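Student: The structure that follows is given in the form of structure tokens.
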Amino acid sequence: MPAASAASVDPVRTARWWRGLTGLSERTKNEAAADRILRRLGSIFGLAGVIACVVEVPEIIDQSRFAPIGWTVVVAVLAFGLFPVLAVVSIAMGRATIQAVAMGAAISYLLALALAPAVYERMPDHTTSLYLYRVFALGVLAAALAWRPSPAIGYLVVGSILAALANGAVFPQEDFWSFAGDFARAAGLCALFLWCAIYARAAAARVDRESAIASSRAAAAAGAAARDRERARFAALIHDAVLSTLLDASRAGTESPVLRGQAERTLTQLEAARGSDIEPDLLNAQSAVHFLRAAVHEVNSGIEFTARRWAGFDDLRLPVHAAGTIAAALAEAVRNSLRHATVPGRALRRIVTVTVSAGGIRVVFRDDGAGFDLGKVPADRLGVSVSILGRMRQLAGGAGFVESSPGEGTTVTLVWGGDG
């Protein structure tokens with residue numbers, strides 16, 4: 001008994017479980033709002049499918065008297081089988097996996113409806129409707145996760161017709177109006193659920209768009225702050241050096257070595273100020289590094305960040321809009337790593353290195369996580385192709401590169417060198 005108790009509280013196993021849990025919490029906290037709401041809805045709809053199946057078990061058993069038992073099981077599995085899977089994958093998997101499982105659940109439900117007329121015999125009047133007809137909303141909710149609004153609405157219409165036909169085939173219908181009533185009830189109720197799901201996803205997408213606008217405004221604010229700092233520095237130079245030197249010169253009656261040295265230092269400072277004068281809407285090396293560091297630490301403050309400057313090259317003049325584009329692509333790379341790179345039971349290292357060279361900047365983000373095969377990234381995964389590489393391609397003078405392989409980590413490189 002003591003040995004069993006010790007095994008049950010193995011500290012190594014507990015620590016691995018805790019690291020996995022905290023890693024999952026960190027990934028979900030930093031993902032986009034659209035992905036977060038998709039994950040939440042997937043969990044809720046998956047659990048709803050499980051609950052509906054449990055509630056309908058007595059009715060499924062009762063109606064199985066009018067169908068071969070094997071086909072009854074097949075229809076029930078087609079209708080409910082993928083909803084537990086949807087609930088599980090929505091906990092930790094990515095958008096593509098969640099939508100693929102939801103699509104499978106929606107199509108599988110249509111197959112169950114299509115099979116029902118061939119499987120079930122006509123039932124007596126004391127049974128009011130086929131159980132598949134009553135919970136057709138599950139298929140519609142899965143469709144709302146899997147597709148955009150237009151295909152999801154098309155699924156609602158086609159599925160409502162199939163549900164009404166299946167119900168009419170199993171239970172005697174008096175006339176066309178009975179079928180129309182079944183269709184209207186199925187479509188009307190499910191349309192409400194579909195609208196709620198579409199509205200929730202649209203609201204999350206709107207939050208992401210507003211966040212992107214806010215990031216752009218933050219970039220503009222950073223540029224304005226940089227210009228204000230330069231104006232303040234130049235004003236202080238004029239007041240503390242130039243005016244002071246001129247005032248001392250006006251008071252001194254004869255040549256003074258101290259005054260000569262002060263004048264030389266003032267001329268040197270003026271020359272340096274003239275050479276490093278900041279143009280409007282441009283960031284120098286220091287401001288650019290601070291801006292990129294803030295963008296990374298806004299996503300996750302634990303990311304390592306280092307900056308390097310080549311000796312003799314500190315003439316970076318980075319437009320604010322370019323800094324915003326690089327920061328957005330870098331932040332997306334960090335978010336992708338937080339979502340997908342975690343390896344259970346192992347702490348990962350994520351580091352950003354910014355190098356300022358002759359008139360350009362190079363940003364490298366590396367992690368030593370799970371990695372992935374670039375050739376197998378699904379077409380609907382837009383994080384790499386659009387949010388990172390696409391952004392950099394549209395930036396004049398910019399380019400982006402992603403290197404990764406399974407088990408070897410990922411490296412994202414972003415470069416900018418003037419206007420191309």
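Every chain in the structure tokens has a letter given in the order shown (A, B, ...), and although residue numbers restart at 1 in each chain, ligands are simply numbered from 1 in the order shown.
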Against range 53-66 of chain A, which residues of range 134-158 of chain A fall within 12 Å? For each one I want the closest pair of atoms and the distance in Å (one decimal), counting only C-alpha atoms, rows by chain and increasing residue number, as a Markdown table.
Tutor:
| residue | atom | partner | partner_atom | distance |
| --- | --- | --- | --- | --- |
| A:Arg134 | CA | A:Glu56 | CA | 9.5 |
| A:Val135 | CA | A:Glu56 | CA | 9.0 |
| A:Phe136 | CA | A:Cys53 | CA | 11.8 |
| A:Leu138 | CA | A:Cys53 | CA | 10.4 |
Student: Could you give me, as CSV, every range 17-131 of chain A residue with an atom at most 9 Å from range 194-207 of chain A, plus its closest atom pair and distance in Å to one decimal, counting only C-alpha atoms, rows ordered by chain then number?
Tutor:
residue,atom,partner,partner_atom,distance
A:Ala32,CA,A:Ala204,CA,8.4
A:Ala33,CA,A:Ala204,CA,5.2
A:Ala34,CA,A:Ala204,CA,4.7
A:Asp35,CA,A:Ala204,CA,8.2
A:Arg36,CA,A:Ala204,CA,8.2
A:Ile37,CA,A:Arg201,CA,6.6
A:Leu38,CA,A:Arg201,CA,7.0
A:Leu41,CA,A:Ala197,CA,7.9
Student: Any idea what's packed within 10 Å of Gly417 in chain A, counting only C-alpha atoms, ignoring anything in its chain fewer than 5 positions away? Could you give it as a list in words?
Tutor: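 Listing them by chain and then by number gives Leu316, Arg317, Leu318, Ser357, Ala358, Gly359, Gly360, Ile361, Arg362, Ala396, Gly397, Gly398 and Ala399 of chain A.
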Student: Between A:Asp367, A:Glu298, A:Glu121, A:Asp373, which has the minimum distance to Ala328 in chain A (counting only C-alpha atoms)?
Tutor: A:Glu298
Student: Which of these residues is nearest to Asn167 in chain A, using only C-alpha atoms: A:Leu283, A:Ala114, A:Val296, A:Val140?
Tutor: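 Answer, going by the shortest atom-to-atom distance: A:Ala114.
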Student: Find the distance between CA of Pro84 in chain A and CA of Leu47 in chain A and write it in Å to one decimal.
Tutor: 6.7 Å
Student: Excluding Ser90 in chain A and residues on its chain fewer than 6 positions from it, collect all residues at most 9 Å away from it, counting only C-alpha atoms, and give them as a list in words.
Tutor: Leu38, Arg39, Arg40, Leu41, Gly42, Ser43, Gly46, Thr97 and Ile98 of chain A
Student: Could the residues in this selection be written to a file with N, CA, C and O atoms, as a CSV table (one decimal), in the first residue's frame?
Tutor:
chain,number,residue,atom,x,y,z
A,38,LEU,N,-13.5,29.8,-31.6
A,38,LEU,CA,-13.7,28.5,-32.3
A,38,LEU,C,-13.5,27.3,-31.3
A,38,LEU,O,-14.2,26.3,-31.3
A,39,ARG,N,-12.4,27.4,-30.5
A,39,ARG,CA,-12.1,26.4,-29.6
A,39,ARG,C,-13.2,26.2,-28.5
A,39,ARG,O,-13.6,25.1,-28.2
A,40,ARG,N,-13.7,27.4,-28.0
A,40,ARG,CA,-14.8,27.3,-27.0
A,40,ARG,C,-16.0,26.7,-27.6
A,40,ARG,O,-16.7,25.9,-26.9
A,41,LEU,N,-16.4,27.2,-28.8
A,41,LEU,CA,-17.6,26.6,-29.4
A,41,LEU,C,-17.5,25.1,-29.7
A,41,LEU,O,-18.4,24.4,-29.5
A,42,GLY,N,-16.3,24.7,-30.1
A,42,GLY,CA,-16.1,23.3,-30.4
A,42,GLY,C,-16.3,22.5,-29.2
A,42,GLY,O,-16.9,21.4,-29.2
A,43,SER,N,-15.7,22.9,-28.0
A,43,SER,CA,-15.9,22.2,-26.8
A,43,SER,C,-17.4,22.1,-26.4
A,43,SER,O,-17.9,21.0,-26.0
A,46,GLY,N,-19.4,19.9,-28.9
A,46,GLY,CA,-19.0,18.5,-28.7
A,46,GLY,C,-19.7,17.9,-27.5
A,46,GLY,O,-20.3,16.8,-27.6
A,97,THR,N,-7.6,21.4,-37.4
A,97,THR,CA,-8.1,20.1,-36.9
A,97,THR,C,-9.5,20.2,-36.3
A,97,THR,O,-10.3,19.3,-36.6
A,98,ILE,N,-9.8,21.3,-35.6
A,98,ILE,CA,-11.1,21.5,-35.1
A,98,ILE,C,-12.1,21.5,-36.2
A,98,ILE,O,-13.2,20.9,-36.2
Student: Extract, using only C-alpha atoms, all DNA, RNA and protein residues at most 12 Å from Ala180 in chain A, discarding same-chain residues fewer than 2 positions from it, and format them as a PyMOL selection string.
Tutor: chain A and resi 160-165+167-168+173-178+182-188
Student: Using only all heavy atoms, please write the residues we just selected to a file, as a short mmCIF file (atom, residue, chain, number, x, y, z; two decimals), in the first residue's frame.
Tutor:
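Output saved as out_30.cif:
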data_model
loop_
_atom_site.label_atom_id
_atom_site.label_comp_id
_atom_site.auth_asym_id
_atom_site.auth_seq_id
_atom_site.Cartn_x
_atom_site.Cartn_y
_atom_site.Cartn_z
N SER A 160 -32.38 20.28 -43.49
CA SER A 160 -33.78 20.34 -43.06
C SER A 160 -34.67 19.54 -44.01
O SER A 160 -35.63 18.88 -43.57
CB SER A 160 -34.25 21.80 -43.01
OG SER A 160 -33.52 22.53 -42.04
N ILE A 161 -34.38 19.59 -45.29
CA ILE A 161 -35.15 18.79 -46.26
C ILE A 161 -34.95 17.30 -45.98
O ILE A 161 -35.92 16.52 -45.95
CB ILE A 161 -34.72 19.14 -47.70
CG1 ILE A 161 -35.12 20.58 -48.03
CG2 ILE A 161 -35.33 18.16 -48.69
CD1 ILE A 161 -34.61 21.06 -49.37
N LEU A 162 -33.69 16.89 -45.77
CA LEU A 162 -33.43 15.48 -45.48
C LEU A 162 -34.09 15.04 -44.18
O LEU A 162 -34.65 13.93 -44.09
CB LEU A 162 -31.92 15.24 -45.40
CG LEU A 162 -31.17 15.07 -46.71
CD1 LEU A 162 -29.68 14.88 -46.45
CD2 LEU A 162 -31.70 13.86 -47.48
N ALA A 163 -34.04 15.90 -43.16
CA ALA A 163 -34.65 15.55 -41.88
C ALA A 163 -36.16 15.39 -42.03
O ALA A 163 -36.76 14.45 -41.48
CB ALA A 163 -34.32 16.62 -40.84
N ALA A 164 -36.80 16.31 -42.78
CA ALA A 164 -38.24 16.21 -42.99
C ALA A 164 -38.59 14.97 -43.80
O ALA A 164 -39.59 14.28 -43.51
CB ALA A 164 -38.75 17.47 -43.68
N LEU A 165 -37.78 14.66 -44.83
CA LEU A 165 -38.05 13.45 -45.64
C LEU A 165 -37.87 12.19 -44.81
O LEU A 165 -38.67 11.25 -44.92
CB LEU A 165 -37.10 13.43 -46.84
CG LEU A 165 -37.38 14.46 -47.95
CD1 LEU A 165 -36.27 14.42 -49.00
CD2 LEU A 165 -38.74 14.18 -48.59
N ASN A 167 -38.16 11.86 -41.54
CA ASN A 167 -39.26 11.76 -40.59
C ASN A 167 -40.56 11.35 -41.28
O ASN A 167 -41.34 10.54 -40.76
CB ASN A 167 -39.44 13.11 -39.88
CG ASN A 167 -40.20 13.00 -38.59
OD1 ASN A 167 -39.82 12.22 -37.71
ND2 ASN A 167 -41.29 13.74 -38.46
N GLY A 168 -40.78 11.91 -42.49
CA GLY A 168 -41.98 11.56 -43.24
C GLY A 168 -41.97 10.14 -43.74
O GLY A 168 -43.02 9.51 -43.90
N GLN A 173 -47.33 10.44 -43.39
CA GLN A 173 -47.67 11.85 -43.55
C GLN A 173 -49.00 11.95 -44.30
O GLN A 173 -49.24 11.23 -45.27
CB GLN A 173 -46.57 12.58 -44.34
CG GLN A 173 -45.20 12.57 -43.66
CD GLN A 173 -45.14 13.51 -42.47
OE1 GLN A 173 -46.07 14.26 -42.23
NE2 GLN A 173 -44.06 13.43 -41.72
N GLU A 174 -49.82 12.85 -43.85
CA GLU A 174 -51.13 13.01 -44.48
C GLU A 174 -51.04 13.68 -45.85
O GLU A 174 -51.69 13.28 -46.80
CB GLU A 174 -52.05 13.81 -43.56
CG GLU A 174 -52.31 13.12 -42.23
CD GLU A 174 -53.17 13.98 -41.31
OE1 GLU A 174 -53.54 15.10 -41.74
OE2 GLU A 174 -53.47 13.53 -40.20
N ASP A 175 -50.25 14.73 -45.97
CA ASP A 175 -50.16 15.47 -47.22
C ASP A 175 -48.87 16.28 -47.25
O ASP A 175 -47.99 16.14 -46.37
CB ASP A 175 -51.37 16.40 -47.38
CG ASP A 175 -51.58 17.28 -46.15
OD1 ASP A 175 -50.59 17.53 -45.42
OD2 ASP A 175 -52.73 17.69 -45.91
N PHE A 176 -48.75 17.09 -48.30
CA PHE A 176 -47.56 17.91 -48.47
C PHE A 176 -47.38 18.87 -47.31
O PHE A 176 -46.24 19.18 -46.92
CB PHE A 176 -47.67 18.69 -49.79
CG PHE A 176 -46.61 19.75 -49.93
CD1 PHE A 176 -45.31 19.43 -50.29
CD2 PHE A 176 -46.92 21.09 -49.67
CE1 PHE A 176 -44.34 20.42 -50.41
CE2 PHE A 176 -45.96 22.07 -49.79
CZ PHE A 176 -44.66 21.76 -50.16
N TRP A 177 -48.47 19.36 -46.76
CA TRP A 177 -48.36 20.36 -45.69
C TRP A 177 -47.75 19.77 -44.42
O TRP A 177 -47.12 20.50 -43.64
CB TRP A 177 -49.73 20.97 -45.41
CG TRP A 177 -50.24 21.73 -46.59
CD1 TRP A 177 -51.28 21.38 -47.40
CD2 TRP A 177 -49.71 22.94 -47.11
NE1 TRP A 177 -51.44 22.30 -48.40
CE2 TRP A 177 -50.48 23.28 -48.25
CE3 TRP A 177 -48.65 23.77 -46.74
CZ2 TRP A 177 -50.24 24.42 -49.01
CZ3 TRP A 177 -48.40 24.91 -47.49
CH2 TRP A 177 -49.19 25.22 -48.62
N SER A 178 -47.91 18.49 -44.21
CA SER A 178 -47.25 17.85 -43.07
C SER A 178 -45.73 17.88 -43.26
O SER A 178 -44.97 18.18 -42.32
CB SER A 178 -47.73 16.41 -42.91
OG SER A 178 -49.12 16.38 -42.65
N ASP A 182 -42.88 19.89 -41.03
CA ASP A 182 -41.65 19.30 -40.48
C ASP A 182 -40.43 20.10 -40.92
O ASP A 182 -39.51 20.36 -40.12
CB ASP A 182 -41.51 17.85 -40.95
CG ASP A 182 -42.48 16.93 -40.23
OD1 ASP A 182 -43.05 17.35 -39.21
OD2 ASP A 182 -42.65 15.78 -40.70
N PHE A 183 -40.40 20.49 -42.19
CA PHE A 183 -39.28 21.28 -42.70
C PHE A 183 -39.18 22.62 -41.98
O PHE A 183 -38.10 23.05 -41.56
CB PHE A 183 -39.43 21.50 -44.20
CG PHE A 183 -38.44 22.48 -44.77
CD1 PHE A 183 -37.15 22.08 -45.07
CD2 PHE A 183 -38.80 23.81 -44.98
CE1 PHE A 183 -36.23 23.00 -45.58
CE2 PHE A 183 -37.88 24.72 -45.48
CZ PHE A 183 -36.59 24.31 -45.79
N ALA A 184 -40.33 23.30 -41.82
CA ALA A 184 -40.32 24.62 -41.19
C ALA A 184 -39.86 24.54 -39.75
O ALA A 184 -39.11 25.41 -39.27
CB ALA A 184 -41.71 25.24 -41.28
N ARG A 185 -40.30 23.51 -39.02
CA ARG A 185 -39.89 23.38 -37.62
C ARG A 185 -38.38 23.12 -37.51
O ARG A 185 -37.70 23.72 -36.68
CB ARG A 185 -40.67 22.24 -36.95
CG ARG A 185 -42.09 22.64 -36.55
CD ARG A 185 -42.72 21.56 -35.68
NE ARG A 185 -42.97 20.33 -36.44
CZ ARG A 185 -44.06 20.11 -37.14
NH1 ARG A 185 -45.02 21.03 -37.19
NH2 ARG A 185 -44.22 18.98 -37.80
N ALA A 186 -37.88 22.23 -38.37
CA ALA A 186 -36.44 21.93 -38.31
C ALA A 186 -35.61 23.15 -38.70
O ALA A 186 -34.66 23.53 -38.00
CB ALA A 186 -36.12 20.75 -39.24
N ALA A 187 -35.97 23.78 -39.82
CA ALA A 187 -35.19 24.93 -40.31
C ALA A 187 -35.32 26.13 -39.37
O ALA A 187 -34.33 26.83 -39.09
CB ALA A 187 -35.65 25.31 -41.71
N GLY A 188 -36.52 26.38 -38.86
CA GLY A 188 -36.72 27.55 -38.01
C GLY A 188 -35.94 27.47 -36.72
O GLY A 188 -35.27 28.43 -36.32
#
Student: Choose the residue, out of A:Val75, A:Gln286, A:Ala143, A:Ile51, that has the smallest atom-to-atom separation from Thr355 in chain A; count only C-alpha atoms.
Tutor: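 Smallest distance to Thr355 in chain A is found for A:Gln286.
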Student: Please identify every residue of range 73-135 of chain A that has at least one atom no farther than 12 Å from an atom of range 382-395 of chain A, counting only C-alpha atoms, and for each give the shortest atom pair and the distance in Å to one decimal, arranged by chain then increasing number, as a tab-separated table.
Tutor:
residue	atom	partner	partner_atom	distance
A:Gly94	CA	A:Gly383	CA	11.2
A:Arg95	CA	A:Leu382	CA	10.2
A:Ala96	CA	A:Leu382	CA	10.0
Student: Quick one: pull the distance between CA of Val320 in chain A and CA of Arg293 in chain A, Å, one decimal.
Tutor: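 Value for the CA of Val320 in chain A-CA of Arg293 in chain A distance: 14.7 Å.
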